[in-house]
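Enquirer: One structure is given below, represented as structure tokens, and several questions about it will come after.
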Amino acid sequence: PRTHDVGPFLRQHRDRFPSEFAALIPEMSAISRALANERSRSFYGDEAAGLPPEMLYEPYDAEQALHQANLVVESCRRLLDERI
């Protein structure tokens, strides 16, 4: 889909995936939603408050986002490796 949040697509098509991958869909959907919601703020900051992105986030936030993204990437990698 042409959206940054693919969680609804994953949930809608859960039955098309192997059970091991499908079991991770709730977590991956939550990650997708959270990262998609932060995407604009991470680029432009909080325009209403006049705060640039670097004032909204700490290194911990980046570590969490990276950890979550890695979980999704590794899950997808395993899924694709199974299909080859």
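Ligands are numbered from 1 in the order shown, chains are lettered A, B, ... in the order of the structure tokens, and residues start at 1 in each chain.
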Just the residues within 9 Å of segment 68-82 of chain A, please, counting only C-alpha atoms, with nothing from its chain fewer than 3 positions along; format it as a PyMOL selection string.

Expert: chain A and resi 17-18+20-21+24+27-28+31-32+35+63-65

Enquirer: Within 9 Å of Ser29 of chain A, counting only C-alpha atoms, which residues qualify if same-chain residues fewer than 4 places away don't, as a VMD selection string?

Expert: chain A and resid 5 to 11 24 to 25 33 to 34

Enquirer: Nearest residue to Pro53 of chain A out of A:Ser40, A:His4, A:Ala30, A:Ala22, using only C-alpha atoms?

Expert: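 Of A:Ser40, A:His4, A:Ala30, A:Ala22, the one nearest Pro53 of chain A is A:Ser40, counting only C-alpha atoms.
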
Enquirer: Could you state the separation of atom CA of Asp61 of chain A and atom CA of Asn37 of chain A in Å, given to one decimal place?

Expert: 13.6 Å

Enquirer: Write out as number ranges by chain all residues of segment 1-72 of chain A that backbone DSSP assigns to helix (DSSP H, G or I).

Expert: A: 7-12, 14-16, 19-22, 25-44, 53-55, 59-72

Enquirer: What's around Glu54 of chain A at 9 Å? Count only C-alpha atoms, leave out sequence neighbours fewer than 4 positions away in its own chain, and write the answer as an MDAnalysis selection string.

Expert: chainID A and resid 42 45 58

Enquirer: Rounded to one decimal in Å, what is the spacing between atom CA of Pro1 of chain A and atom CA of Ala36 of chain A?

Expert: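 Taking atom CA of Pro1 of chain A and atom CA of Ala36 of chain A, their separation equals 13.5 Å.
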
Enquirer: Give me the residues near Arg41 of chain A as number ranges by chain, where near means some atom within 9 Å (using only C-alpha atoms) and where sequence neighbours in that chain fewer than 5 positions away do not count.

Expert: A: 46-47, 52-53, 56

Enquirer: Write out the residues from the selection above, keeping C-alpha atoms, as a compact mmCIF listing (two decimals), in the first residue's frame.

Expert:
```txt
# COMPACT_ATOMS: atom_id res chain seq x y z
CA ASP A 46 6.28 20.44 16.32
CA GLU A 47 5.20 23.41 14.25
CA PRO A 52 12.54 21.66 15.94
CA PRO A 53 12.92 17.85 15.79
CA LEU A 56 11.60 16.62 20.65
```

Enquirer: For a test of reading the model, state the distance in Å between atom CA of Glu38 of chain A and atom CA of His67 of chain A, rounded to one decimal.

Expert: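 So the answer is 15.1 Å.
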